[in-house]
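J.: Below you'll find the structure I mean.
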2 protein chains.
Amino acid sequence: MTARTPARKLRLNAFLMGVGHHEAAWRHPRTEPARVTDVRHYQHLARTAERGKLDSVFLADGLALHGNVRHNALAGLEPLTLLSALAAVTERIGLIATASTTYNEPFHLARAFASLDHISGGRAGWNIVTSAGEAEAHNFGRERPAHADRYARAAEFVEVATALWDSWEDDAILADRRAGEYADTGKIHALDHAGAHFRVRGPLTTSRPPQGHPVLVQAGSSEDGKEFAARFAEAVFTAQQTLAEGRAFYADIKGRLARYGRHADELLVLPGISPIIGSTEREALRLEKELEDLIVPAYGVQQLSNLLGVDLTGHPLDAPLPDVPQATEGQQSRLKLVTDLARRERLTLRELIGRLAGGRGHRVVTGTPEQIADRIEEWFTGGAADGFNVMPPLLPSGLEDFVDHVVPVLQARGLFRTEYEGRTLRENYGLVRPASRHARRTAAAS
Amino acid sequence: MTARTPARKLRLNAFLMGVGHHEAAWRHPRTEPARVTDVRHYQHLARTAERGKLDSVFLADGLALHGNVRHNALAGLEPLTLLSALAAVTERIGLIATASTTYNEPFHLARAFASLDHISGGRAGWNIVTSAGEAEAHNFGRERPAHADRYARAAEFVEVATALWDSWEDDAILADRRAGEYADTGKIHALDHAGAHFRVRGPLTTSRPPQGHPVLVQAGSSEDGKEFAARFAEAVFTAQQTLAEGRAFYADIKGRLARYGRHADELLVLPGISPIIGSTEREALRLEKELEDLIVPAYGVQQLSNLLGVDLTGHPLDAPLPDVPQATEGQQSRLKLVTDLARRERLTLRELIGRLAGGRGHRVVTGTPEQIADRIEEWFTGGAADGFNVMPPLLPSGLEDFVDHVVPVLQARGLFRTEYEGRTLRENYGLVRPASRHARRTAAAS
Ligand SMILES: Cc1cc2nc3c(=O)[nH]c(=O)nc-3n(C[C@H](O)[C@H](O)[C@H](O)COP(=O)(O)O)c2cc1C
Ligand SMILES: Cc1cc2nc3c(=O)[nH]c(=O)nc-3n(C[C@H](O)[C@H](O)[C@H](O)COP(=O)(O)O)c2cc1C
């Protein structure tokens, strides 16, 4: 028997990224860089997260190499195929894949996510991104569309995808062997969608996903990004450095939901946290220092140059970050976060690189399991988070440490589940299964 | 110790399709139609095929529903995600996914197949199709391109995809922790491809696939289709009804290879065979009859109408097939096969539907394991096949029967392996691993 605990529970997502989120992780003796393309590595991570009763694992994605691979062990496996291989060796954990609306077709993505949802028994989630990089466009014979245009396309994309998931009603399959009627084609609907970006006839080739719609996740924090999230997203990944910023973001995005007829509970806010864990504070600080010493400054310079849209090569490492234009067609909110941080703390370029190396702008928390649980509790009870996007600096060890040492503390405090509530990601995230728009229409008409 | 046997060995691929290839399979008491979206069903099939030492499993694919689902249990899971879930529970068997060059981007597909190849340890294959159906175009805001245009796009598509797989040389990854050099970016190449259909800068985000290139498979038998196969394909699936036709096709396609500087061994010809197996001939014939009795004529009429591009609804079932125009922008070779068959054997519409119900134009062979092995041997030794695309009428039972009763006969005759030769699909198919074009260039220059 588990103790009776308050209803509101933390949601925890494990963000899986090669051999760790720290950009120097691959150089640290506790990792094996050859594992970045080894499916067994990711299967071990997913099983570890499931052992810790985490809600989900998440894979980021980019559609261009950006040359960053010179100094970092980037994997580049395609998230949907990889998550499908993780589905096969897990039972309960949610599986969230990033996919771009800017360079894909809604029919393909809706179908792939429907398949992943069937394959996993209702555990699929989609992190909807618009591909902020310029290089990505060039792999598709395009120029990068403007920021606002990307979000406009994303909105129509999601409308089409959800309509495709609804195109088969839940009870469309009869499987009547005697009569020879497999499906009631009256319950399988064409879309005949014709919009600014897409014309899609439908229906989908796949029956309705177990979750109705895979869980919709979003991670952009510009004005357009937040508006998009308020309209569509059921979970938001976000990078917030301070508790005050975290609270402001939380209140801001929850406040936007009503405009779309949605309730605050229908969207989970999950800030990133990179926990550097030690059995003592001293041990944690030592690990942090070891990682810092392994940073390759040239890598940080290139990452920052890409983000800021300014070539920083040759800029003195010990001088302050130069002024950069704030208007960008790239990642608006991340650019603001980074330049704010540099200005607020008067950081040199080298210091800024060090601060970003751990979590690329996400909060790094260094300490004992209790200290890390304290910070999590503070944000969770303090109106800044519904849960966290956990970004271990080293993989697998950082995830193992989190599951073995931080999770039990959170459970003992009654903040986190000791058993899964359900079988699907929606059930564990506490999100409602959406009815098909056709079923709703039928119900309304009767 | 296995007996010493002649070098040339059969290649056997299991074509997995819902609960069976017979269009009435889902109505037969030996199937469970609910399993068409159940990943465990496909995992059982893949494991069964692997137990029988088959070379590969294969999934077909279509990008539109065509309404056929009224009378048939069509699954519609997306092949790449599904095969990835099969990779996770198998060790040796090849995994061939169908994907269209007409409605995809080469960057996406090259990346997904590279991922599947990494995930499976070198077992991926790609059945390259051009999407012959009109309805498929309408899910992508397009009209179906003409037959020749589809093949022209397919050729450029494959050129780009193979260039992307070569964009990382095999030894591009240094993983030099001490120096902080993960990859030698001098061995990671942009493409800067600019052709009639695609502009793709590259490189790929994923390191070179274990097989160099996933195995390239093709299944169109029109003039354009055969020329495409001769240029690119390493295995060809084909529908041939008679030994004479099979021999003619085999000689034709092998004869085209030299034009592209290729040797006859570099392409495997795998005709389809749908084996209806009984422990006695009588039992096999009874199963065949049971399936025939379950045919829904309306389904066959619609399938034929789609293929022939002529609406046959209302045409008397017991009258001969009407004359239909032979020029089509759809499936040229399949249309010819079907109208030839109807004319040669003076079949009524009902009879034609019955003949196609088992294998959609592929050869149906009914009999004992020995009788089926005889037909396989006859084609294999008679210059009509390098192996077969096995299409069991019922799944899983038809594949289990094939593995348990036909495979041992083939092994006893020395025609089929008793153990896998290698770990990758290329190794088992006896195909060479292609060197990267950059490595070749470097070698040539030195
Ligand atoms: C936790 C997190 C994960 C993200 N993962 C991806 C990703 O995998 N691929 C991607 O293209 N963008 C990713 N992004 C970037 C966002 O999708 C978005 O482009 C970025 O935050 C800037 O959006 P904005 O211009 O609306 O602020 C991620 C952002 C966050 C906070
Ligand atoms: C065994 C076999 C499997 C096939 N699988 C597919 C498939 O999954 N998807 C598809 O669009 N076409 C498939 N085809 C059709 C071929 O790709 C091609 O479109 C058809 O044979 C007509 O091509 P042609 O016009 O060159 O003759 C298959 C054909 C054969 C023989």
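For the structure tokens, the naming scheme is as follows: chains receive sequential letters (A, B, ...) according to their order of presentation, residues are indexed from 1 within each chain, and ligands are indexed from 1 in presentation order.
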Compute the chain A side of the contact with chain B at 7 Å, counting only C-alpha atoms, and hand it back as a ChimeraX atom specification.

T.: /A:27,33,37-39,63-65,69-73,75-78,80-81,84-85,88,107,111-112,115-116,118-119,138-141,175,177,180-185,198-206,296

J.: Neighbours of A:Thr328 within 12 Å (only C-alpha atoms; same-chain residues fewer than 6 positions away dropped), as number ranges by chain?

T.: A: 132-134, 144-148, 222, 306-310, 334-336

J.: Using only C-alpha atoms and all ligand atoms, which protein or nucleic acid residues are at most 7 Å from ligand 1, as a PyMOL selection string?

T.: chain A and resi 59-62+98+100+128-132+147+218-225+237-239+272+330-334

J.: How many Å separate atom CA of B:Arg423 from atom CA of B:Glu378?

T.: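 Distance between the two atoms: 29.0 Å.
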
J.: Could you pull out the residues in stretch 113-262 of chain B that DSSP calls alpha helix (DSSP H) from the backbone, as a PyMOL selection string?

T.: chain B and resi 113-119+134-137+147-165+223-232+243-256

J.: With a distance cut-off of 8 Å and only C-alpha atoms, select the neighbouring residues of A:Gly94, excluding the residue or stretch itself and same-chain residues fewer than 4 positions from it, and output the selection as a count of residues only.

T.: 8

J.: Could you give me, as a list in words, the residues within 8 Å of B:Ala357, counting only C-alpha atoms and dropping anything in the same chain fewer than 2 positions from it?

T.: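 The residues that qualify are His22, Glu23, Ala24, Glu292, Ile295, Gly300, Ile353, Gly354, Arg355, Gly359 and Arg360 of chain B.
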
J.: If you count only C-alpha atoms, which residues fall within 12 Å of B:Leu321, apart from same-chain ones fewer than 4 positions away, as an MDAnalysis selection string?

T.: chainID B and resid 301 304:305 308 310:313 315:317 338:353

J.: Give me the residues within 9 Å of A:Gly255 as a ChimeraX atom specification, counting only C-alpha atoms and dropping any in the same chain fewer than 4 places off.

T.: /A:230,250-251,259,264

J.: Just to be explicit: take each residue in the selection above, keep C-alpha atoms, and write the result as a short mmCIF file (atom, residue, chain, number, x, y, z; two decimals), in the first residue's frame.

T.:
```
data_model
loop_
_atom_site.label_atom_id
_atom_site.label_comp_id
_atom_site.auth_asym_id
_atom_site.auth_seq_id
_atom_site.Cartn_x
_atom_site.Cartn_y
_atom_site.Cartn_z
CA ALA A 230 -2.01 28.06 -25.66
CA TYR A 250 3.88 29.87 -16.02
CA ALA A 251 1.32 32.57 -15.29
CA ARG A 259 -8.91 32.59 -24.97
CA ALA A 264 -5.37 25.72 -17.10
#
```

J.: So that I can check the secondary structure, give me every residue of stretch 142-199 of chain B assigned strand (DSSP E or B) by backbone DSSP, as a PyMOL selection string.

T.: chain B and resi 168+173-176+181-183+188+193-194+199
